[in-house]
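Below is input_19.cif, which holds mmCIF, N, CA and C atoms.
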data_structure
loop_
_atom_site.label_atom_id
_atom_site.label_comp_id
_atom_site.auth_asym_id
_atom_site.auth_seq_id
_atom_site.Cartn_x
_atom_site.Cartn_y
_atom_site.Cartn_z
N MET A 8 12.02 13.73 10.11
CA MET A 8 11.82 12.43 10.72
C MET A 8 12.50 11.40 9.84
N HIS A 9 13.30 10.56 10.44
CA HIS A 9 14.02 9.52 9.71
C HIS A 9 13.70 8.18 10.35
N LEU A 10 13.17 7.25 9.55
CA LEU A 10 12.85 5.91 10.07
C LEU A 10 14.11 5.07 10.11
N ASN A 11 14.19 4.19 11.12
CA ASN A 11 15.33 3.30 11.16
C ASN A 11 15.21 2.24 10.07
N ARG A 12 16.30 1.60 9.77
CA ARG A 12 16.36 0.63 8.66
C ARG A 12 15.39 -0.53 8.88
N ALA A 13 15.25 -1.00 10.11
CA ALA A 13 14.35 -2.12 10.40
C ALA A 13 12.89 -1.75 10.10
N THR A 14 12.51 -0.53 10.38
CA THR A 14 11.15 -0.08 10.09
C THR A 14 10.91 -0.06 8.59
N ASP A 15 11.86 0.47 7.85
CA ASP A 15 11.77 0.51 6.39
C ASP A 15 11.62 -0.91 5.84
N ILE A 16 12.47 -1.81 6.27
CA ILE A 16 12.42 -3.19 5.80
C ILE A 16 11.11 -3.85 6.21
N GLY A 17 10.67 -3.61 7.43
CA GLY A 17 9.42 -4.19 7.91
C GLY A 17 8.22 -3.78 7.08
N LEU A 18 8.15 -2.52 6.73
CA LEU A 18 7.04 -2.05 5.90
C LEU A 18 7.09 -2.68 4.51
N ARG A 19 8.30 -2.81 3.96
CA ARG A 19 8.43 -3.43 2.64
C ARG A 19 8.06 -4.92 2.68
N ILE A 20 8.43 -5.61 3.75
CA ILE A 20 8.04 -7.02 3.91
C ILE A 20 6.52 -7.15 3.94
N LEU A 21 5.88 -6.30 4.71
CA LEU A 21 4.42 -6.35 4.81
C LEU A 21 3.76 -6.03 3.47
N MET A 22 4.28 -5.06 2.76
CA MET A 22 3.72 -4.71 1.46
C MET A 22 3.85 -5.88 0.48
N LEU A 23 5.02 -6.51 0.46
CA LEU A 23 5.21 -7.65 -0.43
C LEU A 23 4.32 -8.81 -0.01
N GLY A 24 4.25 -9.06 1.28
CA GLY A 24 3.40 -10.14 1.79
C GLY A 24 1.93 -9.93 1.48
N ALA A 25 1.51 -8.68 1.43
CA ALA A 25 0.10 -8.38 1.17
C ALA A 25 -0.29 -8.65 -0.28
N THR A 26 0.68 -8.79 -1.15
CA THR A 26 0.38 -9.03 -2.56
C THR A 26 0.54 -10.49 -2.96
N ARG A 27 1.07 -11.30 -2.06
CA ARG A 27 1.34 -12.71 -2.39
C ARG A 27 0.39 -13.62 -1.63
N GLU A 28 -0.03 -14.67 -2.29
CA GLU A 28 -0.97 -15.63 -1.67
C GLU A 28 -0.26 -16.69 -0.85
N GLY A 29 0.81 -17.25 -1.38
CA GLY A 29 1.50 -18.36 -0.71
C GLY A 29 2.53 -17.90 0.28
N LEU A 30 3.34 -18.86 0.69
CA LEU A 30 4.43 -18.58 1.62
C LEU A 30 5.61 -17.96 0.88
N LEU A 31 6.29 -17.08 1.56
CA LEU A 31 7.53 -16.49 1.05
C LEU A 31 8.66 -16.93 1.96
N THR A 32 9.77 -17.35 1.40
CA THR A 32 10.91 -17.74 2.22
C THR A 32 11.73 -16.50 2.56
N ILE A 33 12.55 -16.63 3.56
CA ILE A 33 13.44 -15.53 3.95
C ILE A 33 14.36 -15.19 2.77
N ASP A 34 14.85 -16.22 2.08
CA ASP A 34 15.73 -15.97 0.94
C ASP A 34 15.00 -15.22 -0.18
N GLU A 35 13.76 -15.58 -0.46
CA GLU A 35 12.99 -14.88 -1.48
C GLU A 35 12.78 -13.42 -1.10
N LEU A 36 12.41 -13.20 0.16
CA LEU A 36 12.21 -11.83 0.62
C LEU A 36 13.50 -11.02 0.53
N ALA A 37 14.59 -11.60 1.01
CA ALA A 37 15.88 -10.89 1.00
C ALA A 37 16.29 -10.52 -0.42
N GLU A 38 16.13 -11.46 -1.35
CA GLU A 38 16.49 -11.20 -2.75
C GLU A 38 15.56 -10.16 -3.38
N SER A 39 14.27 -10.31 -3.17
CA SER A 39 13.30 -9.40 -3.77
C SER A 39 13.46 -7.98 -3.26
N LEU A 40 13.73 -7.83 -1.97
CA LEU A 40 13.80 -6.51 -1.36
C LEU A 40 15.22 -5.96 -1.28
N VAL A 41 16.18 -6.75 -1.76
CA VAL A 41 17.60 -6.36 -1.77
C VAL A 41 18.04 -5.95 -0.36
N VAL A 42 17.88 -6.90 0.56
CA VAL A 42 18.20 -6.69 1.97
C VAL A 42 19.02 -7.88 2.44
N PRO A 43 20.05 -7.67 3.26
CA PRO A 43 20.81 -8.80 3.78
C PRO A 43 19.89 -9.79 4.52
N ARG A 44 20.09 -11.07 4.25
CA ARG A 44 19.24 -12.13 4.80
C ARG A 44 19.17 -12.08 6.32
N HIS A 45 20.31 -11.93 6.97
CA HIS A 45 20.36 -11.94 8.43
C HIS A 45 19.52 -10.80 9.02
N HIS A 46 19.65 -9.62 8.45
CA HIS A 46 18.90 -8.47 8.95
C HIS A 46 17.41 -8.66 8.70
N LEU A 47 17.06 -9.16 7.52
CA LEU A 47 15.67 -9.40 7.19
C LEU A 47 15.05 -10.42 8.14
N ALA A 48 15.79 -11.47 8.48
CA ALA A 48 15.27 -12.51 9.39
C ALA A 48 14.92 -11.91 10.75
N LYS A 49 15.73 -11.00 11.23
CA LYS A 49 15.43 -10.35 12.52
C LYS A 49 14.14 -9.53 12.44
N VAL A 50 13.95 -8.83 11.33
CA VAL A 50 12.75 -8.01 11.15
C VAL A 50 11.52 -8.92 11.03
N VAL A 51 11.64 -10.02 10.30
CA VAL A 51 10.54 -10.98 10.18
C VAL A 51 10.13 -11.48 11.55
N GLN A 52 11.10 -11.81 12.38
CA GLN A 52 10.81 -12.29 13.74
C GLN A 52 10.05 -11.23 14.53
N ARG A 53 10.47 -10.00 14.40
CA ARG A 53 9.79 -8.91 15.12
C ARG A 53 8.35 -8.74 14.63
N LEU A 54 8.14 -8.80 13.32
CA LEU A 54 6.79 -8.69 12.76
C LEU A 54 5.91 -9.86 13.19
N GLN A 55 6.51 -11.02 13.32
CA GLN A 55 5.77 -12.19 13.78
C GLN A 55 5.33 -11.99 15.24
N HIS A 56 6.22 -11.48 16.07
CA HIS A 56 5.87 -11.20 17.47
C HIS A 56 4.80 -10.13 17.59
N MET A 57 4.74 -9.24 16.63
CA MET A 57 3.71 -8.19 16.61
C MET A 57 2.38 -8.71 16.09
N GLY A 58 2.36 -9.95 15.61
CA GLY A 58 1.13 -10.55 15.09
C GLY A 58 0.82 -10.18 13.66
N LEU A 59 1.80 -9.64 12.94
CA LEU A 59 1.57 -9.21 11.55
C LEU A 59 1.96 -10.26 10.53
N LEU A 60 2.85 -11.16 10.91
CA LEU A 60 3.26 -12.26 10.03
C LEU A 60 3.05 -13.58 10.74
N GLU A 61 2.75 -14.60 9.95
CA GLU A 61 2.69 -15.97 10.45
C GLU A 61 3.88 -16.70 9.85
N THR A 62 4.51 -17.54 10.65
CA THR A 62 5.64 -18.30 10.15
C THR A 62 5.28 -19.79 10.15
N VAL A 63 5.79 -20.47 9.15
CA VAL A 63 5.59 -21.91 9.01
C VAL A 63 6.97 -22.54 8.96
N ARG A 64 7.25 -23.43 9.89
CA ARG A 64 8.56 -24.09 9.95
C ARG A 64 8.62 -25.26 8.99
N GLY A 65 9.83 -25.70 8.74
CA GLY A 65 10.03 -26.91 7.96
C GLY A 65 10.53 -26.66 6.56
N ARG A 66 10.70 -27.77 5.87
CA ARG A 66 11.29 -27.76 4.53
C ARG A 66 10.49 -26.87 3.56
N ARG A 67 9.21 -26.87 3.65
CA ARG A 67 8.37 -26.04 2.78
C ARG A 67 7.82 -24.83 3.54
N GLY A 68 8.55 -24.41 4.55
CA GLY A 68 8.10 -23.31 5.38
C GLY A 68 8.34 -21.95 4.77
N GLY A 69 7.95 -20.95 5.50
CA GLY A 69 8.12 -19.57 5.06
C GLY A 69 7.27 -18.66 5.91
N VAL A 70 6.96 -17.50 5.39
CA VAL A 70 6.15 -16.53 6.10
C VAL A 70 5.02 -16.05 5.20
N ARG A 71 3.95 -15.60 5.83
CA ARG A 71 2.83 -14.99 5.11
C ARG A 71 2.21 -13.95 6.03
N LEU A 72 1.49 -13.07 5.42
CA LEU A 72 0.80 -12.02 6.17
C LEU A 72 -0.24 -12.66 7.09
N ALA A 73 -0.30 -12.22 8.32
CA ALA A 73 -1.32 -12.70 9.26
C ALA A 73 -2.68 -12.15 8.83
N GLY A 74 -3.73 -12.79 9.28
CA GLY A 74 -5.09 -12.48 8.87
C GLY A 74 -5.46 -11.01 8.84
N ALA A 75 -5.25 -10.31 9.93
CA ALA A 75 -5.70 -8.92 10.02
C ALA A 75 -4.63 -7.90 9.63
N ALA A 76 -3.48 -8.37 9.18
CA ALA A 76 -2.37 -7.45 8.91
C ALA A 76 -2.67 -6.45 7.79
N ARG A 77 -3.48 -6.84 6.80
CA ARG A 77 -3.80 -5.92 5.70
C ARG A 77 -4.51 -4.67 6.22
N GLU A 78 -5.23 -4.82 7.31
CA GLU A 78 -5.98 -3.69 7.88
C GLU A 78 -5.22 -2.97 8.99
N ALA A 79 -4.00 -3.41 9.27
CA ALA A 79 -3.19 -2.79 10.33
C ALA A 79 -2.80 -1.37 9.94
N SER A 80 -2.84 -0.47 10.91
CA SER A 80 -2.47 0.92 10.70
C SER A 80 -0.96 1.06 10.52
N VAL A 81 -0.55 1.74 9.47
CA VAL A 81 0.86 1.99 9.23
C VAL A 81 1.44 2.83 10.38
N GLY A 82 0.66 3.79 10.88
CA GLY A 82 1.13 4.60 12.01
C GLY A 82 1.43 3.75 13.23
N GLY A 83 0.55 2.80 13.52
CA GLY A 83 0.76 1.91 14.66
C GLY A 83 1.97 1.02 14.46
N ILE A 84 2.15 0.53 13.25
CA ILE A 84 3.30 -0.33 12.95
C ILE A 84 4.60 0.46 13.10
N VAL A 85 4.62 1.67 12.56
CA VAL A 85 5.83 2.49 12.63
C VAL A 85 6.14 2.83 14.09
N ARG A 86 5.12 3.20 14.87
CA ARG A 86 5.35 3.50 16.30
C ARG A 86 5.99 2.30 16.99
N GLU A 87 5.45 1.12 16.74
CA GLU A 87 5.95 -0.10 17.39
C GLU A 87 7.38 -0.42 16.96
N LEU A 88 7.64 -0.34 15.67
CA LEU A 88 8.98 -0.67 15.18
C LEU A 88 10.02 0.37 15.58
N GLU A 89 9.61 1.62 15.65
CA GLU A 89 10.55 2.67 16.05
C GLU A 89 10.81 2.66 17.55
N GLY A 90 9.89 2.10 18.32
CA GLY A 90 10.06 2.09 19.77
C GLY A 90 9.85 3.47 20.35
N GLY A 91 10.39 3.71 21.50
CA GLY A 91 10.19 4.98 22.19
C GLY A 91 11.22 6.03 21.85
N THR A 92 11.89 5.89 20.72
CA THR A 92 12.93 6.85 20.38
C THR A 92 12.35 8.22 20.06
N GLU A 93 13.09 9.22 20.42
CA GLU A 93 12.70 10.59 20.12
C GLU A 93 13.54 11.11 18.96
N VAL A 94 13.12 12.19 18.37
CA VAL A 94 13.84 12.78 17.25
C VAL A 94 15.22 13.24 17.70
N VAL A 95 15.31 13.78 18.89
CA VAL A 95 16.60 14.20 19.46
C VAL A 95 16.80 13.51 20.79
N ASP A 96 18.06 13.30 21.15
CA ASP A 96 18.39 12.64 22.41
C ASP A 96 18.96 13.67 23.39
N CYS A 97 18.05 14.35 24.07
CA CYS A 97 18.46 15.41 24.99
C CYS A 97 19.16 14.85 26.24
N ASP A 98 18.87 13.58 26.55
CA ASP A 98 19.42 12.98 27.77
C ASP A 98 20.64 12.12 27.50
N GLY A 99 21.19 12.21 26.30
CA GLY A 99 22.33 11.38 25.93
C GLY A 99 23.55 11.64 26.79
N ASP A 100 24.66 11.02 26.41
CA ASP A 100 25.90 11.18 27.16
C ASP A 100 26.90 11.88 26.26
N PRO A 101 27.17 13.12 26.46
CA PRO A 101 26.70 13.96 27.56
C PRO A 101 25.30 14.53 27.26
N ALA A 102 24.58 14.81 28.33
CA ALA A 102 23.24 15.40 28.19
C ALA A 102 23.36 16.82 27.63
N CYS A 103 22.35 17.21 26.89
CA CYS A 103 22.34 18.56 26.31
C CYS A 103 22.23 19.58 27.45
N PRO A 104 23.10 20.57 27.48
CA PRO A 104 23.05 21.57 28.55
C PRO A 104 21.79 22.43 28.50
N LEU A 105 21.13 22.50 27.35
CA LEU A 105 19.91 23.31 27.24
C LEU A 105 18.72 22.65 27.93
N SER A 106 18.79 21.34 28.17
CA SER A 106 17.66 20.65 28.78
C SER A 106 17.43 21.10 30.22
N ARG A 107 18.43 21.68 30.85
CA ARG A 107 18.27 22.18 32.22
C ARG A 107 17.64 23.56 32.26
N GLY A 108 17.61 24.23 31.12
CA GLY A 108 17.14 25.61 31.10
C GLY A 108 15.76 25.81 30.51
N GLY A 109 14.95 24.78 30.48
CA GLY A 109 13.59 24.93 29.98
C GLY A 109 13.49 25.02 28.47
N CYS A 110 14.39 24.37 27.76
CA CYS A 110 14.39 24.39 26.30
C CYS A 110 13.05 23.84 25.78
N LEU A 111 12.50 24.49 24.80
CA LEU A 111 11.21 24.10 24.24
C LEU A 111 11.33 23.20 23.01
N LEU A 112 12.55 22.99 22.55
CA LEU A 112 12.77 22.21 21.32
C LEU A 112 12.28 20.77 21.46
N ARG A 113 12.59 20.12 22.57
CA ARG A 113 12.21 18.72 22.76
C ARG A 113 10.69 18.53 22.65
N GLY A 114 9.94 19.39 23.30
CA GLY A 114 8.48 19.29 23.24
C GLY A 114 7.94 19.54 21.84
N ALA A 115 8.53 20.51 21.17
CA ALA A 115 8.09 20.81 19.80
C ALA A 115 8.38 19.63 18.88
N LEU A 116 9.53 19.00 19.04
CA LEU A 116 9.87 17.86 18.20
C LEU A 116 9.01 16.64 18.54
N ARG A 117 8.66 16.46 19.81
CA ARG A 117 7.74 15.37 20.18
C ARG A 117 6.38 15.56 19.51
N ARG A 118 5.88 16.78 19.51
CA ARG A 118 4.59 17.05 18.86
C ARG A 118 4.68 16.82 17.35
N ALA A 119 5.79 17.21 16.76
CA ALA A 119 5.98 17.00 15.32
C ALA A 119 6.06 15.51 15.01
N GLN A 120 6.75 14.76 15.85
CA GLN A 120 6.85 13.31 15.67
C GLN A 120 5.48 12.66 15.78
N GLU A 121 4.70 13.05 16.76
CA GLU A 121 3.36 12.48 16.91
C GLU A 121 2.46 12.86 15.75
N ALA A 122 2.62 14.07 15.22
CA ALA A 122 1.84 14.48 14.04
C ALA A 122 2.22 13.63 12.83
N PHE A 123 3.49 13.29 12.72
CA PHE A 123 3.96 12.40 11.66
C PHE A 123 3.28 11.04 11.77
N TYR A 124 3.32 10.45 12.97
CA TYR A 124 2.67 9.16 13.19
C TYR A 124 1.16 9.25 12.94
N ALA A 125 0.55 10.32 13.42
CA ALA A 125 -0.90 10.49 13.25
C ALA A 125 -1.29 10.57 11.77
N SER A 126 -0.41 11.15 10.94
CA SER A 126 -0.71 11.23 9.51
C SER A 126 -0.67 9.84 8.87
N LEU A 127 0.03 8.89 9.50
CA LEU A 127 0.11 7.52 8.99
C LEU A 127 -0.99 6.62 9.56
N ASP A 128 -1.63 7.05 10.64
CA ASP A 128 -2.63 6.21 11.31
C ASP A 128 -3.76 5.74 10.40
N PRO A 129 -4.34 6.59 9.55
CA PRO A 129 -5.46 6.11 8.73
C PRO A 129 -5.04 5.23 7.55
N ILE A 130 -3.75 5.12 7.29
CA ILE A 130 -3.26 4.33 6.16
C ILE A 130 -3.04 2.90 6.63
N THR A 131 -3.53 1.94 5.86
CA THR A 131 -3.35 0.53 6.21
C THR A 131 -2.31 -0.11 5.30
N VAL A 132 -1.84 -1.29 5.70
CA VAL A 132 -0.91 -2.05 4.87
C VAL A 132 -1.54 -2.31 3.51
N GLY A 133 -2.82 -2.65 3.50
CA GLY A 133 -3.51 -2.87 2.24
C GLY A 133 -3.51 -1.65 1.34
N ASP A 134 -3.64 -0.47 1.94
CA ASP A 134 -3.61 0.77 1.15
C ASP A 134 -2.28 0.94 0.42
N LEU A 135 -1.20 0.48 1.05
CA LEU A 135 0.13 0.65 0.47
C LEU A 135 0.37 -0.25 -0.74
N THR A 136 -0.54 -1.20 -0.96
CA THR A 136 -0.34 -2.15 -2.06
C THR A 136 -1.29 -1.90 -3.23
N ALA A 137 -1.94 -0.78 -3.23
CA ALA A 137 -2.87 -0.44 -4.32
C ALA A 137 -2.08 -0.10 -5.59
N PRO A 138 -2.73 -0.19 -6.75
CA PRO A 138 -2.06 0.21 -7.99
C PRO A 138 -1.59 1.66 -7.88
N PRO A 139 -0.49 2.00 -8.49
CA PRO A 139 0.31 1.24 -9.43
C PRO A 139 1.40 0.38 -8.78
N VAL A 140 1.65 0.56 -7.48
CA VAL A 140 2.75 -0.19 -6.85
C VAL A 140 2.45 -1.69 -6.76
N ARG A 141 1.20 -2.06 -6.79
CA ARG A 141 0.83 -3.48 -6.69
C ARG A 141 1.54 -4.33 -7.75
N GLN A 142 1.56 -3.86 -8.99
CA GLN A 142 2.20 -4.63 -10.05
C GLN A 142 3.70 -4.72 -9.83
N VAL A 143 4.29 -3.65 -9.35
CA VAL A 143 5.73 -3.67 -9.06
C VAL A 143 6.02 -4.71 -7.99
N LEU A 144 5.20 -4.75 -6.94
CA LEU A 144 5.36 -5.73 -5.88
C LEU A 144 5.18 -7.16 -6.41
N LEU A 145 4.20 -7.35 -7.25
CA LEU A 145 3.97 -8.68 -7.82
C LEU A 145 5.12 -9.15 -8.69
N ASP A 146 5.79 -8.20 -9.35
CA ASP A 146 6.90 -8.55 -10.24
C ASP A 146 8.23 -8.76 -9.51
N LEU A 147 8.36 -8.29 -8.27
CA LEU A 147 9.62 -8.42 -7.55
C LEU A 147 10.01 -9.89 -7.40
N GLY A 148 11.24 -10.17 -7.73
CA GLY A 148 11.76 -11.52 -7.56
C GLY A 148 11.25 -12.52 -8.56
N ARG A 149 10.48 -12.08 -9.53
CA ARG A 149 9.93 -13.00 -10.54
C ARG A 149 10.45 -12.66 -11.93
N ARG A 150 11.73 -12.60 -12.05
CA ARG A 150 12.34 -12.24 -13.35
C ARG A 150 12.66 -13.47 -14.13
#

Exercise: express the given structure as structure tokens:
Amino acid sequence: MHLNRATDIGLRILMLGATREGLLTIDELAESLVVPRHHLAKVVQRLQHMGLLETVRGRRGGVRLAGAAREASVGGIVRELEGGTEVVDCDGDPACPLSRGGCLLRGALRRAQEAFYASLDPITVGDLTAPPVRQVLLDLGRR
């Protein structure tokens, strides 16, 4: 199972946000997480639409973790950020010729993917910020 880049960045944004009290700017996040600003801004917008981040506009604006985001399930977040993508694209162009013959691989991979997500379901954003990584997160961007 391979997560897309936006999912990886989204989880890191949430982890960093869970350790900080004040607002974080897009520039601070991009520098701390070593991610291009433009790409990070798109992920922040998506997390805000999911209700995980709050944004504050203006000169002293930025983003912060939404109230219940610390308790959000990592499995649920990953499912949402990954969308409906499957591990393999049997219906792509061209479609896999085995899909017409009752191939069992697609179903097996769907079950494996769901087992992966299910293993993340009991983990919360807050869990991801426990020691020892908490200190690393607190030190990011504060050199």

If we count all atoms listed in the file, what is near stretch 93-105 of chain A at a cut-off of 8 Å, once residues fewer than 4 positions away on the same chain are taken out, given as JSON, numbers by chain?
{"A": [8, 9, 89, 109, 110, 111, 113, 116, 117, 120]}

Enumerate, as a ChimeraX atom specification, the complete set of residues in chain A that a backbone-based DSSP assignment places in alpha helix (DSSP H).
/A:12-26,33-40,44-56,81-89,112-127,140-146

Mind dumping a table of every stretch 55-97 of chain A residue within 6.5 Å of stretch 12-24 of chain A, with the nearest atom pair and its distance in Å to one decimal, using all atoms listed in the file, sorted by chain and rising number, as CSV?
residue,atom,partner,partner_atom,distance
A:Arg71,C,A:Gly24,CA,5.8
A:Leu72,N,A:Gly24,CA,5.0
A:Val85,CA,A:Thr14,CA,6.4
A:Leu88,CA,A:Thr14,CA,5.6
A:Glu89,N,A:Thr14,CA,6.0

What is the atom CA of A:Ser126-atom CA of A:Val81 distance in Å, reported with one decimal?
9.4 Å

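The space between atom C of A:Ile130 and atom C of A:Arg77 spans 7.7 Å.
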
Give me the residues within 8 Å of A:Pro129 as a ChimeraX atom specification, counting only N, CA and C atoms and dropping any in the same chain fewer than 6 places off.
/A:79-83

Between A:Val70, A:Ala37, A:Val50, A:Ala75, which is the closest to A:Gly133 once you count only C-alpha atoms?
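Among the listed residues, A:Ala75 lies closest to A:Gly133.
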
Taking into account only N, CA and C atoms, which residue in the set A:Leu127, A:Val140, A:Ala122, A:Leu31 is nearest to A:Gly69?
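Closest candidate: A:Leu31.
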
Could you jot down the atom CA of A:Glu78 to atom CA of A:Val143 separation for me, Å, one decimal place?
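Separating atom CA of A:Glu78 from atom CA of A:Val143 is a distance of 20.6 Å.
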
Determine the nearest neighbour of A:Leu47 from the options A:Thr32, A:Thr131, A:Ser106, A:Thr136, counting only C-alpha atoms.
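Smallest distance to A:Leu47 is found for A:Thr32.
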
Enumerate the residues of chain A with a DSSP assignment of strand (DSSP E or B), computed from the backbone, and present them as a list in words.
Leu31, Leu60, Glu61, Thr62, Val63, Gly69, Val70, Arg71, Leu72, Ser80 and Thr131 of chain A

Taking only N, CA and C atoms into account, which of A:Leu147, A:Leu10, A:Ala76, A:Leu112 comes nearest A:Ala25?
A:Ala76

Restricting to only C-alpha atoms, whichever of A:Pro43, A:Val63, A:Glu87, A:Gly108 is closest to A:Gly29 is A:Val63

Could you tell me which residues the PyMOL selection byres ((chain A and resi 58) around 8) returns for this structure, as a ChimeraX atom specification?
/A:52-57,59-61,72-76
